[in-house]
Amino acid sequence: MINLISALLTVGDLPDRIEVPGWSMCNSQITAISTFVPDWVSGGNSQQVIEGGMSFTAKQNGKPYLYVRSEALLPELLRGSVYSVDFDFKVSTEAGSSSQPEMLSPPKLLYWQTTEASKIEYTRGFMIWEDAYDTRPDYFVIPELTMTGASPVPIGEFTHYSASFSVPEFDSSPHQTLWVRLTLKQAPQDAVTFSLTNFCIKKKETYLDPPPPFTPFSTRFQIMHPTEPAASEYEQANCPFIDNDLVSWTSLGFFDSPSVKLPDNTKVLFSKSDVVEGLRYEKIEVPETSSLVFNDEAITLTVRSFLVRGKLLIGGPGCRVAGPIRIVFWGSRTDADTLDGFGSKGLAAVGLSSFVDMYGKRYYPTWTRLARKVRAGDDRAYLQRAVNWEVGQEVVLTTTIWDDTGRGTEPQNEVHTIKAISDDRLTIQFEANVKYVHYAGTEYQGEVALLTRTVSMEGEPSADGYGGHSIASNARARFAGVSTRFMGQTNILARYPFHLHMMGKNTGSLISDCVARDTYFRCFTIHGTNDTTVSENVAFNATGSCFYIEDGVEENNVFSHNLAAHVHPIGEAASGGSQSGDVFEENKNAGGLDTGDRRFPVDAAAAAYYISNSYNEFHGNVASGGWAGYSFPSLPYTVGLHAGELVIQPRSRNLKKFTGNTCHSSGSYWSATGCIYVGGELKMVGDVLTYMSGREDRSTREEAGFGFESWEGTPLWMRFENTLVYTSKKGLLHWGNRVEMDGFEMHDVMRSATLFGEAWLNNGLVNGYSGNVEADFENKHHDGFQFYDISVKSIVTNTEFRNYQTRVCASSALPGETRWVQDPTYCDPDPSKAVDGWSVSGHTNIIWSGLYHSDEFKPQQISATRGISYEDVEYQNLVSFKIVNTGASRMFNFIDFDGSATLEGFPTIVGSNLPWWNICSDCRFESQWSVWLCPKQPVGEVEEREVLHVKFTTPEITADNGGIESSGACQKAAENDYADWSNCDVGHMTLWGSDPTRKTPITSNAGVTGLSGTGWFMELDGGSPRVLEIVPEQVPIGSTFRFAVGYPAGTTFTITASHRWKSNSEVTFTAADSLTELMSSKSATQYFFDGNTLYLFPRPPEDIQVSEGKKFERGGAYVYSTVRTWTIRVEASCGVDSKGFCSTKPVNVLPPWDVPCPSGRPAKTTLAPLGEVEVPDTPLPYIAGVPYDDAAQSVTINILTLVSVLVLMLL
């Protein structure tokens, strides 16, 4: 056996097995032993501690076996590992017992997986029980193993038993319980005592084998790697410490002086020999004309304040130093200013003459991704990229679960020391075993980052968060290969680990391949500085936002290939019960970290990357943890030192470049945030800096100078390209007006995106569940995409959805035991569904859904799809529609522009459950989704259908947005998320024709959405409205929309239309001579009244539709803009009742419909390509008035087979 103790081993020479310092669990760690005893007499059980172990006494009445288990949770078994188990065992009865037991065979060993000792237990392997339990699977990782020892088992004396076993590949849980199975030849009638002592389980050996290559789950996300360093970065040339004109530190007579100021016009060399043991400098100052140069030796310099007005040189671009060189800052919290305006306890490079170079040894890459999953108990990690890291250095394994907050689940980032590295530099071994699972599968892989550098700046551990800091102010600074720890000063402005401050247009400063670890305030701050590169840096365990763009004026900076992990808000994290989130104000008197105070309000929503101005570039970065991973707050003005500078509006600036970035394990503090979060507002309210964490519009435009309004300038879309998100509640949440996400993958997210404004998702993959069994979200369902309920434009194209099935579990009749039927992610037993003693329940993971809770907010035509595909998705899970008495539910709709989302195979309009959407016989009702499906382009010479939205308001009973519901004029019938708003109903709208059931309620909140190519007939409960205003918000050019409403005979009308903002725009309608004339002309400025019914064709003039009703079009799908400026006003001359209606009730006659329905449905032309999807049998034609019922048993068929069948049908 060979120990991995050397720095490098040749992979080909690695033995099949190696001795490793594995874990062991012996007597001192086992605190209790319990039993599972089928049919043993209740109340006859007892256990007690004996020397070296435990004993258990029980009476039995029929079953010849029992199980003894360790109460302690053992480390998980590892693939390819060998384990040994030893213990001494005795079985005995009391003297004079009427029957003596006889052991049939030695004990048998079993190993059970469990999420927690007292909670749900499950497994990936099974073992069959005996007798009454012979049909019940249980969860043993290994088959039962007969232990080596005396057979038969002697009675009344201790006998030693042992066993060894190896473990095959399996997906394991982080905790297990060891079971020992004891089988008796006969069942004694008296009490039997089982004693177990000297128990010990150890990991003996492990197999070494290279990781198998990953099979890409998808190619939509492409990993971006930094450019490999040039050879010169590993060499030393032109080093500053070899200059001939250097004088030594000691030669200047400083010796043990606590405060040192270098002489002017002097270049001083500081070497290891100049270090005075135990000396802590109060202050070191380098004047403008002088330089302090560090030799490349092992040097530790301890100083409170380090002020550089001249040059500080530790290596350089062609001179990476090995050192190690440590600068340690000391001192407790103080208000003293010893750094020329930048406080104390830190390094300050100040002024145009100041220049700092720190260049530690070049390590590449600074972080990489795992090549195989690391399991709890493993002692090594396999890497995707070869590294030049070194034995003794520290690395961090990032978490791959969703919650990194530490509120409910312990954070699972782990720091380990490298013990050995393989010769190919793709395998690293740790000195200690890994505690948690770190997932790496075909979908995504956790990261490993190097935390050690050869040049370091350090503070001291501080309970109040008063560490060291560094700042380069109006100076030039290049930090490369530098690590920091315990740096930053909580809640103090400008006191950060790395800080490029007020440099304006940068002339060469950079921060590259550095580390900010265990920070007390931020990590890498760019403040008042442009054109800077921040690349290949690592940040871990940060307080407050980490990569930080401070005032909103900073632009043209490049952030590339950085990693930030485990980022913490300061004080209570932002949340809130609504979209508006929380509001926080700055506290200029905030104390240290231990007080819980917060100086800057945005730190309530601390992000891995805080981006106050989007006009910067982000390439190949990773954000792990934080309130958000990437946060883009809206700033109406610049803040901080740039407050009052009316130069730009940061919120109007577009995202310059965002590509190849990863975000995970973030966004769990609040349900309305995302891993990538475009929201929140930071601004001055009076003289107080205030942050609102929730919904806030932002209009990104090309012209973004101060004074531009949100509608001025060329509109631009914030564009996110080549993006990976995993283990987060929401992938992207964008409150802004325009966004595109093109090329993305999302895995293990509760919802892919929540989008506002004009939004496009394209070329994506949304994977409901990966192979990462640790990545569950509080047992909640996963949504693919949720359509919003009003005034947005959402288009999803060329996107694949995978692994959206109903998750089902079953609970046994035995207390505390659960058997999983499909997947161990959720269980809520329902006794009413009991089957053979097992109750079955579950939750649905769905792809398309909507918002249904409000009557005030009613969807227009705002949602569209095209080019959708599915794999491992159940048909019933494609659409989730909730039937409630709200306008949002009744008006739910989206357009599937090629029939791929609905699997209809032709362009399809989806509408809610109401027959209102059933405009012709070619529509069908899909009972599995409770929605109507209508062809967008009917067969024959029939106009293409569009979704219309029209506002109808009357002074008496209805109002436009925000009026009735929010004012309390109509109230919820119940207080819950999906309340019944039926008491808001004031009438109904019915489709013209012979079927009066094809209708939808009209409520006191204005707005009706429906289909074109038909007519709408309004009936109000109060009668005929004396004044009716109609706003045809979405009536596209070429769409037929006829409207009718009943009035009493003899009524006369004055009907006008006008533009809200344009003077002299009013048009007066004229009366047509006949209904035939009106129908044939389709005039938008005529009406006809036949004595019972008023007829109109409400729509805006074409010039207004062209200018204001433009399409938002992407990927072959479109959404129309709403035209809210054209209002048609109908004033009726009639007697008026006390409620403002005509005093005579109308004789309401449903107008006939004279256009025949198409003969049949369109031919299927497209289908989702790939995968198995639960689809219903071929639907029967819909018979008017009777919803289509596809209650026939669904079948699972391959999509390719379905295509073949359809081709044969067409032939």
# chains A, B, ... in the order shown; residues from 1 in each chain; ligands from 1

$ select_by_dssp --residues "segment 835-947 of chain A" --states "strand (DSSP E)" --output "PyMOL selection string"
chain A and resi 835+838-843+846-849+863-873+879-880+893-896+908-911+924-926+931-935+947

$ closest_residue --among "A:Val602, A:Ile242, A:Ala432, A:Val437" --to "Ser271 of chain A" --atoms "only C-alpha atoms"
A:Ile242

$ residues_around --residues "Tyr1095 of chain A" --least-positions-apart "4" --cutoff "7 Å" --atoms "only C-alpha atoms" --output "count of residues only"
6

$ residues_around --residues "segment 677-687 of chain A" --least-positions-apart "4" --cutoff "6 Å" --atoms "only C-alpha atoms" --output "list in words"
Ser631, Phe632, Pro633, Ser634, Leu635, Tyr691, Met692, Ser693, Gly694, Arg695, Glu696, Leu733, His734 and Trp735 of chain A

$ write_last_selection --atoms "N, CA, C and O atoms" --output "compact mmCIF listing (two decimals), in the first residue's frame"
# COMPACT_ATOMS: atom_id res chain seq x y z
N SER A 631 -26.74 41.37 -9.33
CA SER A 631 -27.80 42.31 -8.99
C SER A 631 -27.61 43.60 -9.76
O SER A 631 -26.53 44.21 -9.72
N PHE A 632 -28.67 44.02 -10.47
CA PHE A 632 -28.65 45.25 -11.25
C PHE A 632 -29.71 46.21 -10.69
O PHE A 632 -30.84 46.24 -11.17
N PRO A 633 -29.39 46.98 -9.64
CA PRO A 633 -30.38 47.92 -9.10
C PRO A 633 -30.59 49.10 -10.06
O PRO A 633 -29.73 49.42 -10.88
N SER A 634 -31.73 49.73 -9.92
CA SER A 634 -32.06 50.90 -10.74
C SER A 634 -31.66 52.16 -9.98
O SER A 634 -32.14 52.41 -8.87
N LEU A 635 -30.76 52.96 -10.58
CA LEU A 635 -30.34 54.23 -10.00
C LEU A 635 -30.79 55.35 -10.92
O LEU A 635 -30.27 55.51 -12.03
N TYR A 691 -32.85 52.45 -0.24
CA TYR A 691 -32.92 51.31 -1.16
C TYR A 691 -34.25 50.61 -0.99
O TYR A 691 -34.65 50.25 0.13
N MET A 692 -34.96 50.44 -2.11
CA MET A 692 -36.16 49.62 -2.16
C MET A 692 -35.80 48.36 -2.93
O MET A 692 -35.30 48.42 -4.04
N SER A 693 -36.04 47.20 -2.35
CA SER A 693 -35.49 45.96 -2.89
C SER A 693 -36.32 45.32 -3.98
O SER A 693 -35.85 44.39 -4.64
N GLY A 694 -37.55 45.82 -4.23
CA GLY A 694 -38.45 45.10 -5.11
C GLY A 694 -38.60 45.67 -6.50
O GLY A 694 -37.65 46.18 -7.11
N ARG A 695 -39.80 45.60 -7.00
CA ARG A 695 -40.10 45.93 -8.40
C ARG A 695 -39.86 47.41 -8.69
O ARG A 695 -40.38 48.29 -8.01
N GLU A 696 -39.10 47.64 -9.76
CA GLU A 696 -38.83 48.99 -10.21
C GLU A 696 -38.51 48.96 -11.70
O GLU A 696 -37.62 48.23 -12.14
N LEU A 733 -34.87 37.17 -12.83
CA LEU A 733 -36.02 38.02 -12.53
C LEU A 733 -35.67 39.42 -13.00
O LEU A 733 -34.71 40.03 -12.52
N HIS A 734 -36.46 39.91 -13.96
CA HIS A 734 -36.14 41.18 -14.62
C HIS A 734 -37.36 42.08 -14.56
O HIS A 734 -38.35 41.85 -15.24
N TRP A 735 -37.26 43.13 -13.72
CA TRP A 735 -38.36 44.09 -13.60
C TRP A 735 -38.27 45.18 -14.68
O TRP A 735 -39.15 46.04 -14.74

$ atom_distance --atom1 "atom CA of Met487 of chain A" --atom2 "atom CA of Glu458 of chain A"
6.2 Å

$ residues_around --residues "Arg478 of chain A" --least-positions-apart "5" --cutoff "7 Å" --atoms "only C-alpha atoms" --output "list in words"
Val356, Asp357, Met358, Ser509, Leu510 and Ile511 of chain A

$ residues_around --residues "segment 985-987 of chain A" --least-positions-apart "4" --cutoff "9 Å" --atoms "only C-alpha atoms" --output "list in words"
Ile957, Thr958, Cys970, Trp981, Thr1000, Pro1001, Ile1002, Thr1003, Ser1004, Asn1005, Met1018, Glu1019, Leu1020, Asp1021 and Gly1022 of chain A

$ residues_around --residues "segment 561-564 of chain A" --least-positions-apart "3" --cutoff "10 Å" --atoms "only C-alpha atoms" --output "ChimeraX atom specification"
/A:224-227,365-368,398,447-449,512-517,523,534-542,545-547,558,567,607-609,618-626,629,660-663

$ atom_distance --atom1 "atom CA of Ser578 of chain A" --atom2 "atom CA of Trp760 of chain A"
24.7 Å

$ closest_residue --among "A:Ser1133, A:Ser560, A:Thr673, A:Ser462" --to "Asp518 of chain A" --atoms "only C-alpha atoms"
A:Ser462

$ atom_distance --atom1 "atom CA of Asp896 of chain A" --atom2 "atom CA of Gln928 of chain A"
17.4 Å

$ select_by_dssp --residues "segment 563-633 of chain A" --states "helix (DSSP H, G or I)" --output "list in words"
Leu593, Asp594, Thr595, Pro601, Val602, Asp603, Ala604 and Ala605 of chain A

$ closest_residue --among "A:Gln445, A:Asn722, A:Ser257, A:Asn893" --to "Leu279 of chain A" --atoms "only C-alpha atoms"
A:Ser257

$ closest_residue --among "A:Lys311, A:Arg866, A:His1059, A:Lys1164" --to "Arg1124 of chain A" --atoms "only C-alpha atoms"
A:His1059
